[in-house]
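Scroll down for the structure; my scribbles are underneath it.
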Amino acid sequence: MKLHEHQSKEIFARYGIPTPKGKVAYDAESAREIAKELGRPVVVKAQVLVGGRGKAGGVKLAASPDQAEQYAEEILGMNIKGLPVRKVLIDPAVPNKAEVYLGIVVDRTKGAPVMMASSAGGMEIEEVARVSPEKIMRQTIDPVLGLQPFEARELGYGIGLDKKLVPEFAKIALALYRVFADTDASLVEINPLFISKEDKLIAADGKLVLDDSALDRHHDLEMLRDADEENEAEREARRAGLSFVKLEGNIGCMVNGAGLAMATMDVIKFYGGEPANFLDIGGGAKAEKVAAALRIILSDPNVKAVLLNIFGGITRGDEVARGIVEALNQVKTDVPMVARIVGTNAEEGRRILANANLRTAPSLEEGAKMAVEIAKSR
Ligand code: GDP
Ligand code: MN
């Protein structure tokens with residue numbers, strides 16, 4: 001779950017990270033009021049859950065309350081990367097002389113968080129990694145010990161900060177790690193961290209992505225969820241308790257078990273196809289759940305074929321097969337389906353599906369090949 005910039009910066013501030021003291025406006029009139037209150041030039045910033053707002057024209061410097069109103073009017077009517085702008089943050093503008101990047105992500109190969117810092121702040125870090133990877137300094141963080149002060153200072157020196165700024169930088173880095181750990185984040189980012197004209201460090205932007213699996217421990221944060229973050233399919237999946245990720249291909253996948261779902265996508269790709277989604281229906285796989293999964297898959301107009309890959313374990317194959325048949329009665333479609341069932345009561349399951357005129361495949365390889373051919377021919 002992603003948090004908005006203003007929400008992220010409010011959390012940063014609680015941890016002692018310096019942030020501009022701005023306010024959110026939902027209309028141009030209030031934007032003007034806030035700018036007047038602040039009594040100096042402001043930045044008007046679109047609050048949408050995507051990066052690159054600056055480039056898209058969603059961040060504008062306003063010299064007067066009049067101008068703040070005018071920019072707010074413009075930005076509030078915008079659509080950035082498909083997301084409508086419903087609110088703007090009015091921050092006091094900070095005259096700056098440099099922009100630094102500071103962020104933490106989970107490094108899955110190392111099994112630990114890694115802090116990254118760069119003197120090339122402001123632009124997206126992926127871009128820095130592509131053009132000048134030598135400008136990114138990394139520090140792996142021991143998850144037991146946490147980030148150590150000397151490690152934070154090393155990063156500061158590593159990106160070439162002026163010596164007198166390093167203690168403040170280290171303080172911010174340590175605070176940012178506490179934010180990351182306390183909120184169970186999967187990503188936290190300050191980009192840019194400004195070096196102001198007066199040589200102060202200040203977080204001009206903020207980004208916090210929380211681990212959905214940990215939200216049960218953070219009901220206060222969960223309440224900040226922005227409905228616009230998810231599309232209709234993702235929302236229905238979350239409500240039905242399905243793990244779903246939309247992808248760009250044309251073969252819908254319905255699988256029980258996350259590992260099996262990954263393997264299924266691999267095999268589809270191996271035979272030259274492109275999966276349209278990752279979907280794990282989980283255990284149980286009752287008809288309503290299967291129906292919800294089918295509805296979600298078929299709501300994607302790109303889907304030309306569906307591959308059902310079921311492993312009958314504790315949930316028996318015949319049970320799942322009945323669920324599928326029932327679901328197909330609820331969700332009418334002419335998209336061809338291929339089913340592969342193995343494990344407990346697979347025979348019975350296959351019979352049920354064949355009786356319902358579903359194509360069944362003897363193996364995953366065969367099933368994937370069939371789905372790929374069908375998708376190509378339509
Ligand atoms: P993003 O493009 O979505 O990451 O939005 P940012 O909040 O990072 O803003 C983009 C750019 O706008 C920054 O890199 C800065 O160059 C500029 N910017 C943002 N806030 C201020 C500010 O207070 N003063 C000045 N001078 N520039 C700002
Ligand atoms: Mn930014």
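Residues in the structure tokens are numbered from 1 in each chain, the chains being A, B, ... in the order shown, and ligands are numbered from 1 in the order shown.
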Determine, counting only C-alpha atoms, which protein, DNA and RNA residues have an atom within 6 Å of an atom of region 209-217 of chain A; residues of the same chain fewer than 4 positions away are not included. Present the result as a PDB file with N, CA and C atoms, in the first residue's frame.
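As written to disk, around_19.pdb reads:
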ATOM      1  N   MET A   1       0.838  -1.191   0.000  1.00  0.00           N
ATOM      2  CA  MET A   1       0.000   0.000   0.000  1.00  0.00           C
ATOM      3  C   MET A   1       0.881   1.251   0.000  1.00  0.00           C
ATOM      4  N   LYS A   2       0.538   2.168  -0.914  1.00  0.00           N
ATOM      5  CA  LYS A   2       1.348   3.384  -1.016  1.00  0.00           C
ATOM      6  C   LYS A   2       0.729   4.526  -0.213  1.00  0.00           C
ATOM      7  N   ALA A 185       7.715  -1.106   6.247  1.00  0.00           N
ATOM      8  CA  ALA A 185       7.691  -0.614   4.868  1.00  0.00           C
ATOM      9  C   ALA A 185       8.460  -1.564   3.949  1.00  0.00           C
ATOM     10  N   SER A 186       8.120  -1.527   2.670  1.00  0.00           N
ATOM     11  CA  SER A 186       8.941  -2.243   1.696  1.00  0.00           C
ATOM     12  C   SER A 186       9.807  -1.231   0.941  1.00  0.00           C
ATOM     13  N   LEU A 187       9.433   0.040   1.033  1.00  0.00           N
ATOM     14  CA  LEU A 187      10.233   1.098   0.414  1.00  0.00           C
ATOM     15  C   LEU A 187       9.976   2.421   1.123  1.00  0.00           C
TER      16      LEU A 187
END
May I ask you to write as a tab-separated table (two decimals) with C-alpha atoms, in the first residue's frame all residues lying at most 8 Å from ligand 1, with only C-alpha atoms and all ligand atoms counted?
chain	number	residue	atom	x	y	z
A	5	GLU	CA	3.71	12.44	-0.24
A	20	PRO	CA	8.51	21.83	4.79
A	42	VAL	CA	5.13	28.02	-2.38
A	43	VAL	CA	5.28	24.83	-4.42
A	45	LYS	CA	2.30	19.63	-5.73
A	50	VAL	CA	2.87	7.81	-8.95
A	51	GLY	CA	6.39	9.10	-9.42
A	52	GLY	CA	7.53	11.63	-12.01
A	53	ARG	CA	4.91	14.21	-11.08
A	54	GLY	CA	7.48	16.95	-11.65
A	55	LYS	CA	8.06	15.91	-15.26
A	56	ALA	CA	4.32	15.59	-15.86
A	58	GLY	CA	2.28	18.32	-11.44
A	59	VAL	CA	4.79	20.34	-9.39
A	60	LYS	CA	4.85	24.12	-9.84
A	61	LEU	CA	6.55	26.97	-8.05
A	91	ASP	CA	4.53	23.60	0.68
A	92	PRO	CA	6.66	26.63	1.47
A	93	ALA	CA	9.25	26.73	-1.32
A	94	VAL	CA	12.80	26.01	-0.27
A	95	PRO	CA	15.58	27.76	-2.17
A	96	ASN	CA	18.05	24.93	-2.66
A	99	GLU	CA	19.29	17.65	-4.47
A	121	GLY	CA	18.80	13.48	-6.39
A	122	GLY	CA	15.66	14.82	-8.01
A	123	MET	CA	15.53	12.45	-10.94
A	124	GLU	CA	14.20	8.93	-10.59
A	191	ASN	CA	13.87	12.27	-3.35
A	192	PRO	CA	14.96	14.99	-3.32
A	204	ALA	CA	11.26	18.04	-0.18
A	205	ASP	CA	9.54	14.84	-1.29
A	206	GLY	CA	8.49	11.69	0.53
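Near Gly158 (chain A), within a cut-off of 7 Å and counting only C-alpha atoms, sit the residues Met137, Glu154 and Leu155 of chain A, with same-chain residues fewer than 3 positions away left out.
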Write down as a PyMOL selection string the residues belonging to region 139-351 of chain A that are assigned helix (DSSP H, G or I) by DSSP computed on the backbone. chain A and resi 149-158+163-182+212-217+219-222+227-229+232-240+258-270+287-298+317-330+346-351
From the DSSP assignment of the backbone, select every residue of region 127-354 of chain A that is strand (DSSP E), and format the answer as an NGL selection string. :A and (136-140 or 185-196 or 201-203 or 207-210 or 243-246 or 251-255 or 277-280 or 305-312 or 337-343)
Judged by only C-alpha atoms and all ligand atoms, the minimum distance to ligand 2 among A:Glu288, A:Asp280, A:Glu73, A:Glu189 is found for A:Glu189
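Closest approach to Leu294 (chain A) among A:Ala327, A:Val245, A:Leu176, A:Ala371 is made by A:Ala327 (distances from only C-alpha atoms).
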Go ahead and compute the interatomic distance for CA of Ile281 (chain A) and CA of Ser377 (chain A), in Å to one decimal.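 Distance reported for this atom pair: 27.6 Å.
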Could you pull the residues within 12 Å of Ile310 (chain A), counting only C-alpha atoms, minus those fewer than 4 positions along the same chain, as a PyMOL selection string? chain A and resi 253-261+264+279-285+290+314-321+323-324+338-346+349-350+360-364+367
Residue nearest Arg225 (chain A) - candidates A:Ala25, A:Phe311, A:Leu49, A:Val85, atoms counted: only C-alpha atoms: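 For Arg225 (chain A), the nearest of the candidates is A:Leu49.
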Nearest to ligand 2 by atom-to-atom distance, counting only C-alpha atoms and all ligand atoms, from A:Met370, A:Ala62, A:Leu193, A:Met223: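 Among the listed residues, the smallest separation from ligand 2 belongs to A:Leu193.
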What's the 10 Å shell around Asp27 (chain A), counting only C-alpha atoms, without same-chain residues fewer than 6 positions away, as a list in words? Glu69, Ala72, Glu73, Leu76, Arg86, Lys87 and Val88 of chain A
Keeping only C-alpha atoms, take the residues you just selected and write them out as a tab-separated table (two decimals), in the first residue's frame.
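out-v1.tsv written:
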chain	number	residue	atom	x	y	z
A	69	GLU	CA	-4.57	29.46	-6.89
A	72	ALA	CA	-3.79	24.56	-8.08
A	73	GLU	CA	-6.70	25.03	-10.50
A	76	LEU	CA	-6.38	19.70	-9.79
A	86	ARG	CA	-7.86	15.17	-6.24
A	87	LYS	CA	-5.64	17.14	-3.86
A	88	VAL	CA	-2.55	19.31	-3.92
Counting only C-alpha atoms, which of A:Lys207, A:Arg322, A:Lys332, A:Arg239 gets nearest to Ala356 (chain A)?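 Nearest candidate to Ala356 (chain A) out of A:Lys207, A:Arg322, A:Lys332, A:Arg239: A:Arg322.
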Identify which of the residues A:Met337, A:Leu247, A:Ala13, A:Val188 lies closest to Val106 (chain A), counting only C-alpha atoms when measuring atom-to-atom distances.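 Closest to Val106 (chain A), using only C-alpha atoms: A:Val188.
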